[in-house]
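Undergrad: Shown below is the structure under consideration.
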Amino acid sequence: MPVLQRVFNDLTELRSLCGPHDRNLDILSDMLGTKICTRGNELILPEATDEQQQLFTNIVDYLQRLHKRGRIIDTYVIRTLRDIMDTKPEAEVGRFVDICVQIPAGPSIYPKNARQSEYLMKMEEHDIVFSIGPAGTGKTFLAVAKATQAILDHEKHKLILTRPVVEAGESLGFLPGDLSQKISPYLRPLYDALEMLMPISTIRKLEESGVIEVAPLAYMRGRNLSNCFIILDEAQNTTREQMKMFLTRMGSGSRMVITGDVTQIDLPNPQRSGLRHVTKLLHSIDEIAFSYFTSRDVIRHRLVKMIIDAYDQERKDELTKHR
């Protein structure tokens, strides 16, 4: 079988592709089903079929593009890349490699899996995007990142972050403080996302000037929101009426992202969830995009995925029992 040699003029790039203690090469070897060696500034496939050589060339080409984009090449990125190469057309693989949310004077945000990549693409191409799935999949964070980029690049003049204030097993009335102080904990997750993208001093400045507004959903009634980036978080806890009210606030030049998890509805009657209802009602409108995540897409601690799966299985067992 022919030997394939790949020469690297940039040793930093080669080290990035190999990973610590050549960990990345071990993953690539498993994927290709053949050994990969290093010699000086070369990667070598000592024995490989034409098919293995082609796959190796394609993967390394994409990894080099990722490195040039500033990505850290680790085993997670390599597995995700291979998964996308196996399941998506070549054009989408290229988009996964190149897509990035660059926060001006801030971090670069890259998709961590194929579903996140698809979600970011939909936010670029559609004025309304629904993102539905379990906790820990990056739904809210990526939406806030995209919105932050839009206001700091002056594409939109305002960022509005909102959530329904629904009690999850605790009574809002018994929390200490005035209304603003009672509501603040419900909006805290949105601030957490913002604080990962820019300094607190910048957030405060943008809030004071009205560029960033964080408010409960009830405060949206009667407004006409033009040239804004609007995010509705925890949308599973909206009623049908609230969802209609929110969606009809959209003015010219605005974009909306609606995120939620239909397995964590805190409404007294879960069947009245506006998010559940709207997925059926609006799914046939081509200009509105839906992005669905599963426990496989969880990027938090690996135990979060196991916990979600356990709850899902319990729910399925209960449904089966009542049939």
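To be explicit about the labels: the chains of the structure tokens are called A, B, and onward in the order shown, and within each one the residues are counted from 1, while ligands get numbers from 1 in the order they are shown.
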Quick one: DSSP strand (DSSP E or B) residues in stretch 79-220 of chain A, as an NGL selection string?

TA: :A and (101-102 or 108-109 or 128-132 or 158-163 or 212-216)

Undergrad: Given the selection you just returned, output its residues as a file containing N, CA and C atoms, formatted as a PDB file, in the first residue's frame.

TA:
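Heads up, here's the output in out18.pdb:
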```pdb
ATOM      1  N   VAL A 101     -18.699  33.295  16.049  1.00  0.00           N
ATOM      2  CA  VAL A 101     -19.286  34.546  16.537  1.00  0.00           C
ATOM      3  C   VAL A 101     -18.150  35.336  17.177  1.00  0.00           C
ATOM      4  N   GLN A 102     -17.703  36.365  16.487  1.00  0.00           N
ATOM      5  CA  GLN A 102     -16.590  37.177  16.976  1.00  0.00           C
ATOM      6  C   GLN A 102     -17.132  38.404  17.704  1.00  0.00           C
ATOM      7  N   SER A 108     -13.866  34.865  20.802  1.00  0.00           N
ATOM      8  CA  SER A 108     -14.435  34.218  19.617  1.00  0.00           C
ATOM      9  C   SER A 108     -15.221  33.007  20.103  1.00  0.00           C
ATOM     10  N   ILE A 109     -16.462  32.893  19.663  1.00  0.00           N
ATOM     11  CA  ILE A 109     -17.327  31.795  20.095  1.00  0.00           C
ATOM     12  C   ILE A 109     -17.521  30.838  18.930  1.00  0.00           C
ATOM     13  N   ILE A 128     -36.646  34.917  12.714  1.00  0.00           N
ATOM     14  CA  ILE A 128     -37.185  34.284  13.928  1.00  0.00           C
ATOM     15  C   ILE A 128     -36.655  32.860  13.996  1.00  0.00           C
ATOM     16  N   VAL A 129     -36.034  32.525  15.123  1.00  0.00           N
ATOM     17  CA  VAL A 129     -35.499  31.171  15.334  1.00  0.00           C
ATOM     18  C   VAL A 129     -35.975  30.658  16.685  1.00  0.00           C
ATOM     19  N   PHE A 130     -36.533  29.461  16.690  1.00  0.00           N
ATOM     20  CA  PHE A 130     -36.892  28.773  17.928  1.00  0.00           C
ATOM     21  C   PHE A 130     -35.817  27.728  18.213  1.00  0.00           C
ATOM     22  N   SER A 131     -35.309  27.729  19.436  1.00  0.00           N
ATOM     23  CA  SER A 131     -34.290  26.765  19.849  1.00  0.00           C
ATOM     24  C   SER A 131     -34.838  25.964  21.023  1.00  0.00           C
ATOM     25  N   ILE A 132     -35.027  24.665  20.809  1.00  0.00           N
ATOM     26  CA  ILE A 132     -35.753  23.840  21.777  1.00  0.00           C
ATOM     27  C   ILE A 132     -34.904  22.631  22.163  1.00  0.00           C
ATOM     28  N   LYS A 158     -30.416  47.784  19.577  1.00  0.00           N
ATOM     29  CA  LYS A 158     -30.789  47.427  20.946  1.00  0.00           C
ATOM     30  C   LYS A 158     -30.862  45.913  21.111  1.00  0.00           C
ATOM     31  N   LEU A 159     -30.476  45.438  22.297  1.00  0.00           N
ATOM     32  CA  LEU A 159     -30.608  44.027  22.671  1.00  0.00           C
ATOM     33  C   LEU A 159     -31.620  43.934  23.808  1.00  0.00           C
ATOM     34  N   ILE A 160     -32.664  43.165  23.592  1.00  0.00           N
ATOM     35  CA  ILE A 160     -33.685  42.967  24.623  1.00  0.00           C
ATOM     36  C   ILE A 160     -33.693  41.506  25.040  1.00  0.00           C
ATOM     37  N   LEU A 161     -33.481  41.262  26.318  1.00  0.00           N
ATOM     38  CA  LEU A 161     -33.483  39.912  26.890  1.00  0.00           C
ATOM     39  C   LEU A 161     -34.672  39.804  27.837  1.00  0.00           C
ATOM     40  N   THR A 162     -35.494  38.802  27.640  1.00  0.00           N
ATOM     41  CA  THR A 162     -36.687  38.691  28.477  1.00  0.00           C
ATOM     42  C   THR A 162     -36.983  37.236  28.818  1.00  0.00           C
ATOM     43  N   ARG A 163     -37.661  37.060  29.944  1.00  0.00           N
ATOM     44  CA  ARG A 163     -38.106  35.733  30.398  1.00  0.00           C
ATOM     45  C   ARG A 163     -39.454  35.887  31.079  1.00  0.00           C
ATOM     46  N   ILE A 212     -28.836  47.807  26.091  1.00  0.00           N
ATOM     47  CA  ILE A 212     -29.218  46.489  26.609  1.00  0.00           C
ATOM     48  C   ILE A 212     -30.367  46.673  27.588  1.00  0.00           C
ATOM     49  N   GLU A 213     -31.400  45.878  27.395  1.00  0.00           N
ATOM     50  CA  GLU A 213     -32.547  45.903  28.310  1.00  0.00           C
ATOM     51  C   GLU A 213     -32.856  44.468  28.727  1.00  0.00           C
ATOM     52  N   VAL A 214     -32.878  44.220  30.015  1.00  0.00           N
ATOM     53  CA  VAL A 214     -33.246  42.909  30.557  1.00  0.00           C
ATOM     54  C   VAL A 214     -34.513  43.101  31.373  1.00  0.00           C
ATOM     55  N   ALA A 215     -35.598  42.437  30.958  1.00  0.00           N
ATOM     56  CA  ALA A 215     -36.890  42.705  31.606  1.00  0.00           C
ATOM     57  C   ALA A 215     -37.793  41.483  31.562  1.00  0.00           C
ATOM     58  N   PRO A 216     -38.729  41.373  32.517  1.00  0.00           N
ATOM     59  CA  PRO A 216     -39.699  40.278  32.474  1.00  0.00           C
ATOM     60  C   PRO A 216     -40.589  40.380  31.241  1.00  0.00           C
TER      61      PRO A 216
END
```

Undergrad: With a distance cut-off of 9 Å and only C-alpha atoms, select the neighbouring residues of stretch 260-262 of chain A, excluding the residue or stretch itself and same-chain residues fewer than 6 positions from it, and output the selection as JSON, numbers by chain.

TA: {"A": [130, 131, 132, 133, 134, 135, 139, 140, 232, 233, 234, 235, 236, 237, 270, 273, 275, 276]}

Undergrad: With N, CA and C atoms kept, could you save the residues just selected as a compact mmCIF listing (two decimals), in the first residue's frame?

TA:
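Saved the output as result_1.txt:
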```
# COMPACT_ATOMS: atom_id res chain seq x y z
N PHE A 130 -36.53 29.46 16.69
CA PHE A 130 -36.89 28.77 17.93
C PHE A 130 -35.82 27.73 18.21
N SER A 131 -35.31 27.73 19.44
CA SER A 131 -34.29 26.76 19.85
C SER A 131 -34.84 25.96 21.02
N ILE A 132 -35.03 24.67 20.81
CA ILE A 132 -35.75 23.84 21.78
C ILE A 132 -34.90 22.63 22.16
N GLY A 133 -34.77 22.41 23.46
CA GLY A 133 -33.99 21.25 23.90
C GLY A 133 -33.62 21.37 25.37
N PRO A 134 -32.93 20.35 25.89
CA PRO A 134 -32.63 20.31 27.33
C PRO A 134 -31.59 21.33 27.76
N ALA A 135 -31.47 21.46 29.08
CA ALA A 135 -30.47 22.36 29.67
C ALA A 135 -29.07 21.91 29.28
N LYS A 139 -28.20 26.78 24.16
CA LYS A 139 -29.25 27.52 23.45
C LYS A 139 -29.21 29.02 23.77
N THR A 140 -29.25 29.34 25.07
CA THR A 140 -29.30 30.74 25.49
C THR A 140 -27.97 31.44 25.26
N LEU A 232 -36.16 35.67 23.87
CA LEU A 232 -37.10 35.18 24.89
C LEU A 232 -36.56 33.86 25.40
N ASP A 233 -36.17 33.84 26.66
CA ASP A 233 -35.59 32.65 27.28
C ASP A 233 -36.65 31.94 28.13
N GLU A 234 -36.47 30.64 28.37
CA GLU A 234 -37.42 29.85 29.17
C GLU A 234 -38.84 29.96 28.60
N ALA A 235 -38.94 29.91 27.28
CA ALA A 235 -40.22 30.14 26.61
C ALA A 235 -41.25 29.05 26.87
N GLN A 236 -40.82 27.91 27.41
CA GLN A 236 -41.79 26.85 27.74
C GLN A 236 -42.77 27.32 28.82
N ASN A 237 -42.39 28.36 29.56
CA ASN A 237 -43.24 28.86 30.64
C ASN A 237 -44.12 30.05 30.21
N PRO A 270 -49.41 22.34 31.94
CA PRO A 270 -48.34 22.28 30.93
C PRO A 270 -48.85 22.27 29.49
N SER A 273 -48.71 25.50 27.42
CA SER A 273 -47.42 26.12 27.11
C SER A 273 -47.43 26.74 25.71
N LEU A 275 -44.85 27.58 24.01
CA LEU A 275 -43.80 27.00 23.19
C LEU A 275 -44.27 25.71 22.55
N ARG A 276 -44.92 24.87 23.32
CA ARG A 276 -45.47 23.63 22.77
C ARG A 276 -46.43 23.93 21.62
```

Undergrad: Neighbours of A:Glu195 within 12 Å (only C-alpha atoms; same-chain residues fewer than 5 positions away dropped), as JSON, numbers by chain?

TA: {"A": [106, 107, 141, 144, 145, 148, 188, 189, 190, 200, 201, 202, 203, 204]}

Undergrad: What does the file look like for those residues with N, CA and C atoms, as a PDB file, in the first residue's frame?

TA:
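Once everything was written out, this is again30.pdb:
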```
ATOM      1  N   GLY A 106     -13.651  41.140  22.222  1.00  0.00           N
ATOM      2  CA  GLY A 106     -14.003  40.065  23.154  1.00  0.00           C
ATOM      3  C   GLY A 106     -13.648  38.702  22.589  1.00  0.00           C
ATOM      4  N   PRO A 107     -14.219  37.660  23.152  1.00  0.00           N
ATOM      5  CA  PRO A 107     -13.853  36.301  22.741  1.00  0.00           C
ATOM      6  C   PRO A 107     -14.450  35.902  21.391  1.00  0.00           C
ATOM      7  N   PHE A 141     -26.887  30.771  25.606  1.00  0.00           N
ATOM      8  CA  PHE A 141     -25.566  31.400  25.489  1.00  0.00           C
ATOM      9  C   PHE A 141     -25.265  31.795  24.049  1.00  0.00           C
ATOM     10  N   VAL A 144     -27.362  34.794  23.027  1.00  0.00           N
ATOM     11  CA  VAL A 144     -26.844  36.032  23.625  1.00  0.00           C
ATOM     12  C   VAL A 144     -25.541  36.457  22.927  1.00  0.00           C
ATOM     13  N   ALA A 145     -24.701  35.473  22.576  1.00  0.00           N
ATOM     14  CA  ALA A 145     -23.454  35.787  21.870  1.00  0.00           C
ATOM     15  C   ALA A 145     -23.745  36.429  20.517  1.00  0.00           C
ATOM     16  N   THR A 148     -25.089  39.926  21.117  1.00  0.00           N
ATOM     17  CA  THR A 148     -24.018  40.825  21.564  1.00  0.00           C
ATOM     18  C   THR A 148     -23.179  41.283  20.383  1.00  0.00           C
ATOM     19  N   ARG A 188     -31.214  36.437  36.272  1.00  0.00           N
ATOM     20  CA  ARG A 188     -29.786  36.246  36.507  1.00  0.00           C
ATOM     21  C   ARG A 188     -29.090  35.412  35.420  1.00  0.00           C
ATOM     22  N   PRO A 189     -29.688  34.309  34.924  1.00  0.00           N
ATOM     23  CA  PRO A 189     -29.009  33.514  33.896  1.00  0.00           C
ATOM     24  C   PRO A 189     -28.668  34.304  32.632  1.00  0.00           C
ATOM     25  N   LEU A 190     -29.486  35.298  32.313  1.00  0.00           N
ATOM     26  CA  LEU A 190     -29.206  36.121  31.135  1.00  0.00           C
ATOM     27  C   LEU A 190     -27.980  37.002  31.375  1.00  0.00           C
ATOM     28  N   ILE A 200     -18.282  43.498  33.019  1.00  0.00           N
ATOM     29  CA  ILE A 200     -19.484  43.994  33.707  1.00  0.00           C
ATOM     30  C   ILE A 200     -19.627  45.501  33.524  1.00  0.00           C
ATOM     31  N   SER A 201     -18.504  46.216  33.510  1.00  0.00           N
ATOM     32  CA  SER A 201     -18.561  47.677  33.340  1.00  0.00           C
ATOM     33  C   SER A 201     -19.182  48.050  31.991  1.00  0.00           C
ATOM     34  N   THR A 202     -18.879  47.268  30.958  1.00  0.00           N
ATOM     35  CA  THR A 202     -19.452  47.523  29.624  1.00  0.00           C
ATOM     36  C   THR A 202     -20.947  47.232  29.626  1.00  0.00           C
ATOM     37  N   ILE A 203     -21.333  46.145  30.292  1.00  0.00           N
ATOM     38  CA  ILE A 203     -22.755  45.797  30.377  1.00  0.00           C
ATOM     39  C   ILE A 203     -23.524  46.920  31.062  1.00  0.00           C
ATOM     40  N   ARG A 204     -22.989  47.402  32.191  1.00  0.00           N
ATOM     41  CA  ARG A 204     -23.656  48.468  32.938  1.00  0.00           C
ATOM     42  C   ARG A 204     -23.802  49.730  32.077  1.00  0.00           C
TER      43      ARG A 204
END
```

Undergrad: Expressed in Å to a single decimal, how great is the separation between atom CA of A:Ile103 and atom CA of A:His67?

TA: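 Computed distance, atom CA of A:Ile103 to atom CA of A:His67, equals 18.5 Å.
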